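Here is the file query05.pdb (PDB, N, CA and C atoms).
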```pdb
MODEL        1
ATOM      1  N   MET Q 750      31.572  17.984 -17.581  1.00  0.00           N
ATOM      2  CA  MET Q 750      31.335  16.817 -18.409  1.00  0.00           C
ATOM      3  C   MET Q 750      32.660  16.106 -18.678  1.00  0.00           C
ATOM      4  N   THR Q 751      32.668  14.797 -18.510  1.00  0.00           N
ATOM      5  CA  THR Q 751      33.860  14.011 -18.769  1.00  0.00           C
ATOM      6  C   THR Q 751      33.794  13.448 -20.179  1.00  0.00           C
ATOM      7  N   ARG Q 752      34.846  13.655 -20.922  1.00  0.00           N
ATOM      8  CA  ARG Q 752      34.941  13.173 -22.304  1.00  0.00           C
ATOM      9  C   ARG Q 752      35.393  11.720 -22.269  1.00  0.00           C
ATOM     10  N   ASP Q 753      34.821  10.880 -23.135  1.00  0.00           N
ATOM     11  CA  ASP Q 753      35.274   9.490 -23.177  1.00  0.00           C
ATOM     12  C   ASP Q 753      36.543   9.387 -24.022  1.00  0.00           C
ATOM     13  N   ALA Q 754      37.341   8.364 -23.749  1.00  0.00           N
ATOM     14  CA  ALA Q 754      38.659   8.216 -24.384  1.00  0.00           C
ATOM     15  C   ALA Q 754      38.555   8.139 -25.902  1.00  0.00           C
ATOM     16  N   GLN Q 755      37.471   7.574 -26.429  1.00  0.00           N
ATOM     17  CA  GLN Q 755      37.329   7.417 -27.873  1.00  0.00           C
ATOM     18  C   GLN Q 755      37.088   8.739 -28.595  1.00  0.00           C
ATOM     19  N   SER Q 756      36.713   9.784 -27.866  1.00  0.00           N
ATOM     20  CA  SER Q 756      36.448  11.070 -28.510  1.00  0.00           C
ATOM     21  C   SER Q 756      37.700  11.935 -28.651  1.00  0.00           C
ATOM     22  N   TYR Q 757      38.764  11.609 -27.952  1.00  0.00           N
ATOM     23  CA  TYR Q 757      39.978  12.430 -28.018  1.00  0.00           C
ATOM     24  C   TYR Q 757      40.612  12.497 -29.404  1.00  0.00           C
ATOM     25  N   PRO Q 758      40.634  11.412 -30.195  1.00  0.00           N
ATOM     26  CA  PRO Q 758      41.222  11.528 -31.534  1.00  0.00           C
ATOM     27  C   PRO Q 758      40.534  12.556 -32.431  1.00  0.00           C
ATOM     28  N   ASP Q 759      39.290  12.924 -32.105  1.00  0.00           N
ATOM     29  CA  ASP Q 759      38.572  13.916 -32.905  1.00  0.00           C
ATOM     30  C   ASP Q 759      38.928  15.356 -32.534  1.00  0.00           C
ATOM     31  N   LEU Q 760      39.631  15.539 -31.426  1.00  0.00           N
ATOM     32  CA  LEU Q 760      40.029  16.886 -31.019  1.00  0.00           C
ATOM     33  C   LEU Q 760      41.141  17.400 -31.933  1.00  0.00           C
ATOM     34  N   PRO Q 761      41.270  18.722 -32.043  1.00  0.00           N
ATOM     35  CA  PRO Q 761      42.236  19.287 -33.001  1.00  0.00           C
ATOM     36  C   PRO Q 761      43.685  19.312 -32.502  1.00  0.00           C
ATOM     37  N   TYR Q 762      44.178  18.155 -32.072  1.00  0.00           N
ATOM     38  CA  TYR Q 762      45.596  18.070 -31.721  1.00  0.00           C
ATOM     39  C   TYR Q 762      46.427  18.266 -32.984  1.00  0.00           C
ATOM     40  N   ARG Q 763      47.589  18.889 -32.835  1.00  0.00           N
ATOM     41  CA  ARG Q 763      48.469  19.122 -33.982  1.00  0.00           C
ATOM     42  C   ARG Q 763      49.261  17.848 -34.263  1.00  0.00           C
ATOM     43  N   ARG Q 764      49.125  17.340 -35.477  1.00  0.00           N
ATOM     44  CA  ARG Q 764      49.831  16.128 -35.892  1.00  0.00           C
ATOM     45  C   ARG Q 764      51.113  16.487 -36.622  1.00  0.00           C
ATOM     46  N   VAL Q 765      52.190  15.790 -36.279  1.00  0.00           N
ATOM     47  CA  VAL Q 765      53.489  15.981 -36.918  1.00  0.00           C
ATOM     48  C   VAL Q 765      53.779  14.713 -37.707  1.00  0.00           C
ATOM     49  N   TRP Q 766      53.829  14.850 -39.033  1.00  0.00           N
ATOM     50  CA  TRP Q 766      54.014  13.703 -39.927  1.00  0.00           C
ATOM     51  C   TRP Q 766      55.463  13.581 -40.366  1.00  0.00           C
ATOM     52  N   GLU Q 767      55.899  12.330 -40.534  1.00  0.00           N
ATOM     53  CA  GLU Q 767      57.261  12.047 -40.994  1.00  0.00           C
ATOM     54  C   GLU Q 767      57.229  10.795 -41.873  1.00  0.00           C
ATOM     55  N   TRP Q 768      57.902  10.851 -42.998  1.00  0.00           N
ATOM     56  CA  TRP Q 768      58.025   9.709 -43.892  1.00  0.00           C
ATOM     57  C   TRP Q 768      59.373   9.054 -43.612  1.00  0.00           C
ATOM     58  N   ARG Q 769      59.389   7.764 -43.332  1.00  0.00           N
ATOM     59  CA  ARG Q 769      60.640   7.072 -43.005  1.00  0.00           C
ATOM     60  C   ARG Q 769      60.909   5.964 -44.008  1.00  0.00           C
ATOM     61  N   GLU Q 770      62.163   5.840 -44.338  1.00  0.00           N
ATOM     62  CA  GLU Q 770      62.616   4.770 -45.221  1.00  0.00           C
ATOM     63  C   GLU Q 770      63.781   4.063 -44.556  1.00  0.00           C
ATOM     64  N   ASP Q 771      63.454   3.161 -43.618  1.00  0.00           N
ATOM     65  CA  ASP Q 771      64.465   2.391 -42.913  1.00  0.00           C
ATOM     66  C   ASP Q 771      64.856   1.183 -43.749  1.00  0.00           C
ATOM     67  N   ASP Q 772      65.483   0.194 -43.124  1.00  0.00           N
ATOM     68  CA  ASP Q 772      65.892  -1.020 -43.832  1.00  0.00           C
ATOM     69  C   ASP Q 772      64.702  -1.799 -44.373  1.00  0.00           C
ATOM     70  N   ALA Q 773      63.576  -1.682 -43.697  1.00  0.00           N
ATOM     71  CA  ALA Q 773      62.364  -2.388 -44.127  1.00  0.00           C
ATOM     72  C   ALA Q 773      61.612  -1.514 -45.136  1.00  0.00           C
ATOM     73  N   GLU Q 774      60.347  -1.796 -45.295  1.00  0.00           N
ATOM     74  CA  GLU Q 774      59.512  -1.002 -46.191  1.00  0.00           C
ATOM     75  C   GLU Q 774      59.352   0.417 -45.649  1.00  0.00           C
ATOM     76  N   PRO Q 775      59.229   1.404 -46.525  1.00  0.00           N
ATOM     77  CA  PRO Q 775      58.985   2.767 -46.049  1.00  0.00           C
ATOM     78  C   PRO Q 775      57.611   2.864 -45.380  1.00  0.00           C
ATOM     79  N   TYR Q 776      57.484   3.842 -44.462  1.00  0.00           N
ATOM     80  CA  TYR Q 776      56.237   3.967 -43.712  1.00  0.00           C
ATOM     81  C   TYR Q 776      56.084   5.387 -43.176  1.00  0.00           C
ATOM     82  N   TRP Q 777      54.858   5.708 -42.785  1.00  0.00           N
ATOM     83  CA  TRP Q 777      54.534   6.997 -42.174  1.00  0.00           C
ATOM     84  C   TRP Q 777      54.592   6.886 -40.654  1.00  0.00           C
ATOM     85  N   VAL Q 778      55.053   7.951 -40.021  1.00  0.00           N
ATOM     86  CA  VAL Q 778      55.010   8.089 -38.566  1.00  0.00           C
ATOM     87  C   VAL Q 778      54.304   9.411 -38.275  1.00  0.00           C
ATOM     88  N   VAL Q 779      53.379   9.374 -37.330  1.00  0.00           N
ATOM     89  CA  VAL Q 779      52.671  10.592 -36.928  1.00  0.00           C
ATOM     90  C   VAL Q 779      52.651  10.641 -35.406  1.00  0.00           C
ATOM     91  N   ARG Q 780      52.893  11.834 -34.866  1.00  0.00           N
ATOM     92  CA  ARG Q 780      52.847  12.024 -33.406  1.00  0.00           C
ATOM     93  C   ARG Q 780      52.078  13.295 -33.103  1.00  0.00           C
ATOM     94  N   LEU Q 781      51.625  13.392 -31.874  1.00  0.00           N
ATOM     95  CA  LEU Q 781      50.922  14.597 -31.450  1.00  0.00           C
ATOM     96  C   LEU Q 781      51.915  15.567 -30.836  1.00  0.00           C
ATOM     97  N   ALA Q 782      51.890  16.797 -31.296  1.00  0.00           N
ATOM     98  CA  ALA Q 782      52.812  17.808 -30.771  1.00  0.00           C
ATOM     99  C   ALA Q 782      52.576  18.041 -29.282  1.00  0.00           C
ATOM    100  N   GLU Q 783      51.310  18.005 -28.858  1.00  0.00           N
ATOM    101  CA  GLU Q 783      50.983  18.293 -27.469  1.00  0.00           C
ATOM    102  C   GLU Q 783      51.250  17.110 -26.534  1.00  0.00           C
ATOM    103  N   ILE Q 784      51.269  15.894 -27.080  1.00  0.00           N
ATOM    104  CA  ILE Q 784      51.516  14.687 -26.280  1.00  0.00           C
ATOM    105  C   ILE Q 784      52.514  13.830 -27.079  1.00  0.00           C
ATOM    106  N   PRO Q 785      53.809  14.148 -27.036  1.00  0.00           N
ATOM    107  CA  PRO Q 785      54.780  13.502 -27.914  1.00  0.00           C
ATOM    108  C   PRO Q 785      54.896  11.986 -27.764  1.00  0.00           C
ATOM    109  N   GLU Q 786      54.442  11.440 -26.631  1.00  0.00           N
ATOM    110  CA  GLU Q 786      54.512   9.992 -26.467  1.00  0.00           C
ATOM    111  C   GLU Q 786      53.408   9.268 -27.233  1.00  0.00           C
ATOM    112  N   VAL Q 787      52.459  10.016 -27.785  1.00  0.00           N
ATOM    113  CA  VAL Q 787      51.390   9.422 -28.593  1.00  0.00           C
ATOM    114  C   VAL Q 787      51.859   9.399 -30.045  1.00  0.00           C
ATOM    115  N   VAL Q 788      52.125   8.174 -30.538  1.00  0.00           N
ATOM    116  CA  VAL Q 788      52.722   7.971 -31.859  1.00  0.00           C
ATOM    117  C   VAL Q 788      51.988   6.845 -32.574  1.00  0.00           C
ATOM    118  N   GLY Q 789      51.846   6.993 -33.878  1.00  0.00           N
ATOM    119  CA  GLY Q 789      51.295   5.922 -34.698  1.00  0.00           C
ATOM    120  C   GLY Q 789      52.130   5.782 -35.956  1.00  0.00           C
ATOM    121  N   ASP Q 790      52.129   4.594 -36.521  1.00  0.00           N
ATOM    122  CA  ASP Q 790      52.819   4.416 -37.800  1.00  0.00           C
ATOM    123  C   ASP Q 790      52.045   3.440 -38.669  1.00  0.00           C
ATOM    124  N   GLY Q 791      52.347   3.483 -39.962  1.00  0.00           N
ATOM    125  CA  GLY Q 791      51.673   2.591 -40.885  1.00  0.00           C
ATOM    126  C   GLY Q 791      52.196   2.788 -42.297  1.00  0.00           C
ATOM    127  N   ALA Q 792      51.882   1.839 -43.160  1.00  0.00           N
ATOM    128  CA  ALA Q 792      52.322   1.909 -44.555  1.00  0.00           C
ATOM    129  C   ALA Q 792      51.649   3.063 -45.295  1.00  0.00           C
ATOM    130  N   THR Q 793      50.459   3.447 -44.831  1.00  0.00           N
ATOM    131  CA  THR Q 793      49.737   4.572 -45.430  1.00  0.00           C
ATOM    132  C   THR Q 793      49.395   5.581 -44.340  1.00  0.00           C
ATOM    133  N   ARG Q 794      49.060   6.787 -44.755  1.00  0.00           N
ATOM    134  CA  ARG Q 794      48.658   7.804 -43.769  1.00  0.00           C
ATOM    135  C   ARG Q 794      47.414   7.375 -42.989  1.00  0.00           C
ATOM    136  N   PRO Q 795      46.388   6.799 -43.650  1.00  0.00           N
ATOM    137  CA  PRO Q 795      45.228   6.340 -42.866  1.00  0.00           C
ATOM    138  C   PRO Q 795      45.588   5.251 -41.842  1.00  0.00           C
ATOM    139  N   GLU Q 796      46.499   4.349 -42.189  1.00  0.00           N
ATOM    140  CA  GLU Q 796      46.932   3.323 -41.220  1.00  0.00           C
ATOM    141  C   GLU Q 796      47.645   3.971 -40.042  1.00  0.00           C
ATOM    142  N   ALA Q 797      48.510   4.933 -40.320  1.00  0.00           N
ATOM    143  CA  ALA Q 797      49.230   5.630 -39.248  1.00  0.00           C
ATOM    144  C   ALA Q 797      48.259   6.412 -38.371  1.00  0.00           C
ATOM    145  N   GLU Q 798      47.265   7.048 -38.985  1.00  0.00           N
ATOM    146  CA  GLU Q 798      46.270   7.814 -38.227  1.00  0.00           C
ATOM    147  C   GLU Q 798      45.449   6.888 -37.321  1.00  0.00           C
ATOM    148  N   ALA Q 799      45.101   5.700 -37.817  1.00  0.00           N
ATOM    149  CA  ALA Q 799      44.343   4.737 -37.006  1.00  0.00           C
ATOM    150  C   ALA Q 799      45.180   4.262 -35.819  1.00  0.00           C
ATOM    151  N   ALA Q 800      46.469   4.012 -36.049  1.00  0.00           N
ATOM    152  CA  ALA Q 800      47.357   3.593 -34.958  1.00  0.00           C
ATOM    153  C   ALA Q 800      47.516   4.717 -33.944  1.00  0.00           C
ATOM    154  N   LEU Q 801      47.593   5.956 -34.418  1.00  0.00           N
ATOM    155  CA  LEU Q 801      47.697   7.116 -33.538  1.00  0.00           C
ATOM    156  C   LEU Q 801      46.443   7.235 -32.667  1.00  0.00           C
ATOM    157  N   ALA Q 802      45.276   7.056 -33.266  1.00  0.00           N
ATOM    158  CA  ALA Q 802      44.022   7.154 -32.522  1.00  0.00           C
ATOM    159  C   ALA Q 802      43.978   6.121 -31.401  1.00  0.00           C
ATOM    160  N   GLN Q 803      44.411   4.891 -31.685  1.00  0.00           N
ATOM    161  CA  GLN Q 803      44.420   3.847 -30.660  1.00  0.00           C
ATOM    162  C   GLN Q 803      45.406   4.189 -29.548  1.00  0.00           C
ATOM    163  N   CYS Q 804      46.569   4.686 -29.929  1.00  0.00           N
ATOM    164  CA  CYS Q 804      47.576   5.067 -28.938  1.00  0.00           C
ATOM    165  C   CYS Q 804      47.050   6.203 -28.055  1.00  0.00           C
ATOM    166  N   LEU Q 805      46.357   7.169 -28.645  1.00  0.00           N
ATOM    167  CA  LEU Q 805      45.810   8.280 -27.871  1.00  0.00           C
ATOM    168  C   LEU Q 805      44.742   7.784 -26.904  1.00  0.00           C
ATOM    169  N   GLU Q 806      43.873   6.886 -27.352  1.00  0.00           N
ATOM    170  CA  GLU Q 806      42.862   6.330 -26.453  1.00  0.00           C
ATOM    171  C   GLU Q 806      43.520   5.620 -25.272  1.00  0.00           C
ATOM    172  N   ASP Q 807      44.567   4.839 -25.551  1.00  0.00           N
ATOM    173  CA  ASP Q 807      45.287   4.133 -24.491  1.00  0.00           C
ATOM    174  C   ASP Q 807      45.948   5.123 -23.528  1.00  0.00           C
ATOM    175  N   CYS Q 808      46.526   6.180 -24.074  1.00  0.00           N
ATOM    176  CA  CYS Q 808      47.196   7.196 -23.258  1.00  0.00           C
ATOM    177  C   CYS Q 808      46.186   7.892 -22.349  1.00  0.00           C
ATOM    178  N   VAL Q 809      45.031   8.248 -22.890  1.00  0.00           N
ATOM    179  CA  VAL Q 809      43.989   8.912 -22.099  1.00  0.00           C
ATOM    180  C   VAL Q 809      43.533   7.992 -20.973  1.00  0.00           C
ATOM    181  N   ALA Q 810      43.296   6.720 -21.278  1.00  0.00           N
ATOM    182  CA  ALA Q 810      42.857   5.766 -20.253  1.00  0.00           C
ATOM    183  C   ALA Q 810      43.915   5.645 -19.148  1.00  0.00           C
ATOM    184  N   TYR Q 811      45.179   5.563 -19.534  1.00  0.00           N
ATOM    185  CA  TYR Q 811      46.265   5.461 -18.555  1.00  0.00           C
ATOM    186  C   TYR Q 811      46.330   6.719 -17.685  1.00  0.00           C
ATOM    187  N   ARG Q 812      46.305   7.891 -18.318  1.00  0.00           N
ATOM    188  CA  ARG Q 812      46.407   9.141 -17.570  1.00  0.00           C
ATOM    189  C   ARG Q 812      45.243   9.302 -16.600  1.00  0.00           C
ATOM    190  N   ARG Q 813      44.060   8.911 -17.034  1.00  0.00           N
ATOM    191  CA  ARG Q 813      42.906   8.976 -16.121  1.00  0.00           C
ATOM    192  C   ARG Q 813      43.094   8.039 -14.940  1.00  0.00           C
ATOM    193  N   ALA Q 814      43.518   6.805 -15.210  1.00  0.00           N
ATOM    194  CA  ALA Q 814      43.699   5.813 -14.146  1.00  0.00           C
ATOM    195  C   ALA Q 814      44.740   6.273 -13.131  1.00  0.00           C
ATOM    196  N   GLU Q 815      45.739   7.007 -13.599  1.00  0.00           N
ATOM    197  CA  GLU Q 815      46.811   7.482 -12.731  1.00  0.00           C
ATOM    198  C   GLU Q 815      46.547   8.874 -12.151  1.00  0.00           C
ATOM    199  N   GLY Q 816      45.425   9.470 -12.516  1.00  0.00           N
ATOM    200  CA  GLY Q 816      45.100  10.803 -12.022  1.00  0.00           C
ATOM    201  C   GLY Q 816      45.950  11.897 -12.642  1.00  0.00           C
ATOM    202  N   LEU Q 817      46.453  11.662 -13.836  1.00  0.00           N
ATOM    203  CA  LEU Q 817      47.310  12.632 -14.526  1.00  0.00           C
ATOM    204  C   LEU Q 817      46.488  13.522 -15.451  1.00  0.00           C
ATOM    205  N   GLU Q 818      47.005  14.700 -15.696  1.00  0.00           N
ATOM    206  CA  GLU Q 818      46.358  15.639 -16.610  1.00  0.00           C
ATOM    207  C   GLU Q 818      46.427  15.115 -18.046  1.00  0.00           C
ATOM    208  N   ILE Q 819      45.392  15.392 -18.805  1.00  0.00           N
ATOM    209  CA  ILE Q 819      45.380  15.076 -20.236  1.00  0.00           C
ATOM    210  C   ILE Q 819      45.565  16.399 -20.965  1.00  0.00           C
ATOM    211  N   PRO Q 820      46.698  16.567 -21.663  1.00  0.00           N
ATOM    212  CA  PRO Q 820      46.943  17.847 -22.338  1.00  0.00           C
ATOM    213  C   PRO Q 820      45.843  18.176 -23.342  1.00  0.00           C
ATOM    214  N   LYS Q 821      45.523  19.461 -23.419  1.00  0.00           N
ATOM    215  CA  LYS Q 821      44.530  19.931 -24.378  1.00  0.00           C
ATOM    216  C   LYS Q 821      45.229  20.302 -25.678  1.00  0.00           C
ATOM    217  N   PRO Q 822      44.484  20.316 -26.790  1.00  0.00           N
ATOM    218  CA  PRO Q 822      45.083  20.776 -28.049  1.00  0.00           C
ATOM    219  C   PRO Q 822      45.546  22.220 -27.898  1.00  0.00           C
ATOM    220  N   GLU Q 823      46.651  22.541 -28.563  1.00  0.00           N
ATOM    221  CA  GLU Q 823      47.161  23.915 -28.557  1.00  0.00           C
ATOM    222  C   GLU Q 823      46.178  24.806 -29.310  1.00  0.00           C
ATOM    223  N   ALA Q 824      46.035  26.022 -28.824  1.00  0.00           N
ATOM    224  CA  ALA Q 824      45.211  26.986 -29.544  1.00  0.00           C
ATOM    225  C   ALA Q 824      45.964  27.395 -30.811  1.00  0.00           C
ATOM    226  N   ARG Q 825      45.246  27.451 -31.884  1.00  0.00           N
ATOM    227  CA  ARG Q 825      45.864  27.860 -33.154  1.00  0.00           C
ATOM    228  C   ARG Q 825      45.368  29.238 -33.512  1.00  0.00           C
ATOM    229  N   THR Q 826      46.252  30.001 -34.112  1.00  0.00           N
ATOM    230  CA  THR Q 826      45.865  31.334 -34.548  1.00  0.00           C
ATOM    231  C   THR Q 826      45.773  31.341 -36.064  1.00  0.00           C
ATOM    232  N   ALA Q 827      44.844  32.102 -36.573  1.00  0.00           N
ATOM    233  CA  ALA Q 827      44.685  32.208 -38.020  1.00  0.00           C
ATOM    234  C   ALA Q 827      45.804  33.080 -38.583  1.00  0.00           C
ATOM    235  N   THR Q 828      46.247  32.710 -39.760  1.00  0.00           N
ATOM    236  CA  THR Q 828      47.281  33.508 -40.421  1.00  0.00           C
ATOM    237  C   THR Q 828      46.651  34.174 -41.644  1.00  0.00           C
ATOM    238  N   ALA Q 829      47.086  35.394 -41.897  1.00  0.00           N
ATOM    239  CA  ALA Q 829      46.515  36.150 -43.039  1.00  0.00           C
ATOM    240  C   ALA Q 829      47.284  35.879 -44.291  1.00  0.00           C
TER     241      ALA Q 829
ENDMDL
END
```
Since I need it in another form, could you write the structure as structure tokens?
Amino acid sequence: MTRDAQSYPDLPYRRVWEWREDDAEPYWVVRLAEIPEVVGDGATRPEAEAALAQCLEDCVAYRRAEGLEIPKPEARTATA
């Protein structure tokens, strides 16, 4: 079964969050640990997450068009 590009943001990719305070207004940056080129930013976490989802959809579409592998989410282990 082939997954559509819009469903990838729902997969359990590990998100790495960073708060930045550059010369402009402060903002959130979020990237996927498994696909570091997938990045989103925004004034709020929901805005950054929405930008990340769009970037991931674009990345999936590009990788498919080029015949490239789409990295899977890392397996996570439970901690006691």
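Here the residues within chain Q that DSSP labels alpha helix (DSSP H) on the basis of the backbone are Arg794, Pro795, Glu796, Ala797, Glu798, Ala799, Ala800, Leu801, Ala802, Gln803, Cys804, Leu805, Glu806, Asp807, Cys808, Val809, Ala810, Tyr811, Arg812, Arg813 and Ala814 of chain Q.
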Would you save the residues from that selection as a short mmCIF file (atom, residue, chain, number, x, y, z; two decimals), in the coordinates of the input, using N, CA and C atoms?
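This went into again-v8.cif:
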```cif
data_model
loop_
_atom_site.label_atom_id
_atom_site.label_comp_id
_atom_site.auth_asym_id
_atom_site.auth_seq_id
_atom_site.Cartn_x
_atom_site.Cartn_y
_atom_site.Cartn_z
N ARG Q 794 49.06 6.79 -44.76
CA ARG Q 794 48.66 7.80 -43.77
C ARG Q 794 47.41 7.38 -42.99
N PRO Q 795 46.39 6.80 -43.65
CA PRO Q 795 45.23 6.34 -42.87
C PRO Q 795 45.59 5.25 -41.84
N GLU Q 796 46.50 4.35 -42.19
CA GLU Q 796 46.93 3.32 -41.22
C GLU Q 796 47.64 3.97 -40.04
N ALA Q 797 48.51 4.93 -40.32
CA ALA Q 797 49.23 5.63 -39.25
C ALA Q 797 48.26 6.41 -38.37
N GLU Q 798 47.26 7.05 -38.98
CA GLU Q 798 46.27 7.81 -38.23
C GLU Q 798 45.45 6.89 -37.32
N ALA Q 799 45.10 5.70 -37.82
CA ALA Q 799 44.34 4.74 -37.01
C ALA Q 799 45.18 4.26 -35.82
N ALA Q 800 46.47 4.01 -36.05
CA ALA Q 800 47.36 3.59 -34.96
C ALA Q 800 47.52 4.72 -33.94
N LEU Q 801 47.59 5.96 -34.42
CA LEU Q 801 47.70 7.12 -33.54
C LEU Q 801 46.44 7.24 -32.67
N ALA Q 802 45.28 7.06 -33.27
CA ALA Q 802 44.02 7.15 -32.52
C ALA Q 802 43.98 6.12 -31.40
N GLN Q 803 44.41 4.89 -31.68
CA GLN Q 803 44.42 3.85 -30.66
C GLN Q 803 45.41 4.19 -29.55
N CYS Q 804 46.57 4.69 -29.93
CA CYS Q 804 47.58 5.07 -28.94
C CYS Q 804 47.05 6.20 -28.06
N LEU Q 805 46.36 7.17 -28.64
CA LEU Q 805 45.81 8.28 -27.87
C LEU Q 805 44.74 7.78 -26.90
N GLU Q 806 43.87 6.89 -27.35
CA GLU Q 806 42.86 6.33 -26.45
C GLU Q 806 43.52 5.62 -25.27
N ASP Q 807 44.57 4.84 -25.55
CA ASP Q 807 45.29 4.13 -24.49
C ASP Q 807 45.95 5.12 -23.53
N CYS Q 808 46.53 6.18 -24.07
CA CYS Q 808 47.20 7.20 -23.26
C CYS Q 808 46.19 7.89 -22.35
N VAL Q 809 45.03 8.25 -22.89
CA VAL Q 809 43.99 8.91 -22.10
C VAL Q 809 43.53 7.99 -20.97
N ALA Q 810 43.30 6.72 -21.28
CA ALA Q 810 42.86 5.77 -20.25
C ALA Q 810 43.92 5.64 -19.15
N TYR Q 811 45.18 5.56 -19.53
CA TYR Q 811 46.26 5.46 -18.56
C TYR Q 811 46.33 6.72 -17.68
N ARG Q 812 46.30 7.89 -18.32
CA ARG Q 812 46.41 9.14 -17.57
C ARG Q 812 45.24 9.30 -16.60
N ARG Q 813 44.06 8.91 -17.03
CA ARG Q 813 42.91 8.98 -16.12
C ARG Q 813 43.09 8.04 -14.94
N ALA Q 814 43.52 6.80 -15.21
CA ALA Q 814 43.70 5.81 -14.15
C ALA Q 814 44.74 6.27 -13.13
#
```
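The gap separating atom C of Q:Val809 from atom N of Q:Pro758 is 10.3 Å, in Å to one decimal.
Pairwise distance (atom C of Q:Pro761, atom CA of Q:Glu774) equals 29.2 Å.
If only N, CA and C atoms are the atoms counted, then among Q:Arg780, Q:Arg813, Q:Arg794, Q:Lys821 the closest residue to Q:Trp766 is Q:Arg780.
The residue that comes closest to Q:Val787, out of Q:Ala802, Q:Arg752, Q:Pro775, Q:Pro822 and on the basis of all atoms listed in the file, is Q:Ala802.
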### Message
Starting from the PyMOL selection byres ((chain Q and resi 763) around 5), expand the selection into actual residues of this file and give them as a PyMOL selection string.
### Response
chain Q and resi 761-762+764-765+781-782
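Picture a line from atom N of Q:Leu801 to atom N of Q:Glu770; it runs 17.6 Å.
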### Message
So, with only C-alpha atoms as the atoms that count, which of Q:Ala800, Q:Ile819, Q:Ala754, Q:Leu805 lies closest to Q:Glu786?
### Response
Q:Leu805
### Message
Please extract the residues of chain Q with a backbone DSSP assignment of strand (DSSP E or B) and present them as a count of residues only.
### Response
16
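With only C-alpha atoms as the atoms that count, the minimum distance from Q:Gln803 to the choices Q:Asp771, Q:Asp790, Q:Glu783, Q:Glu815 is reached by Q:Asp790.
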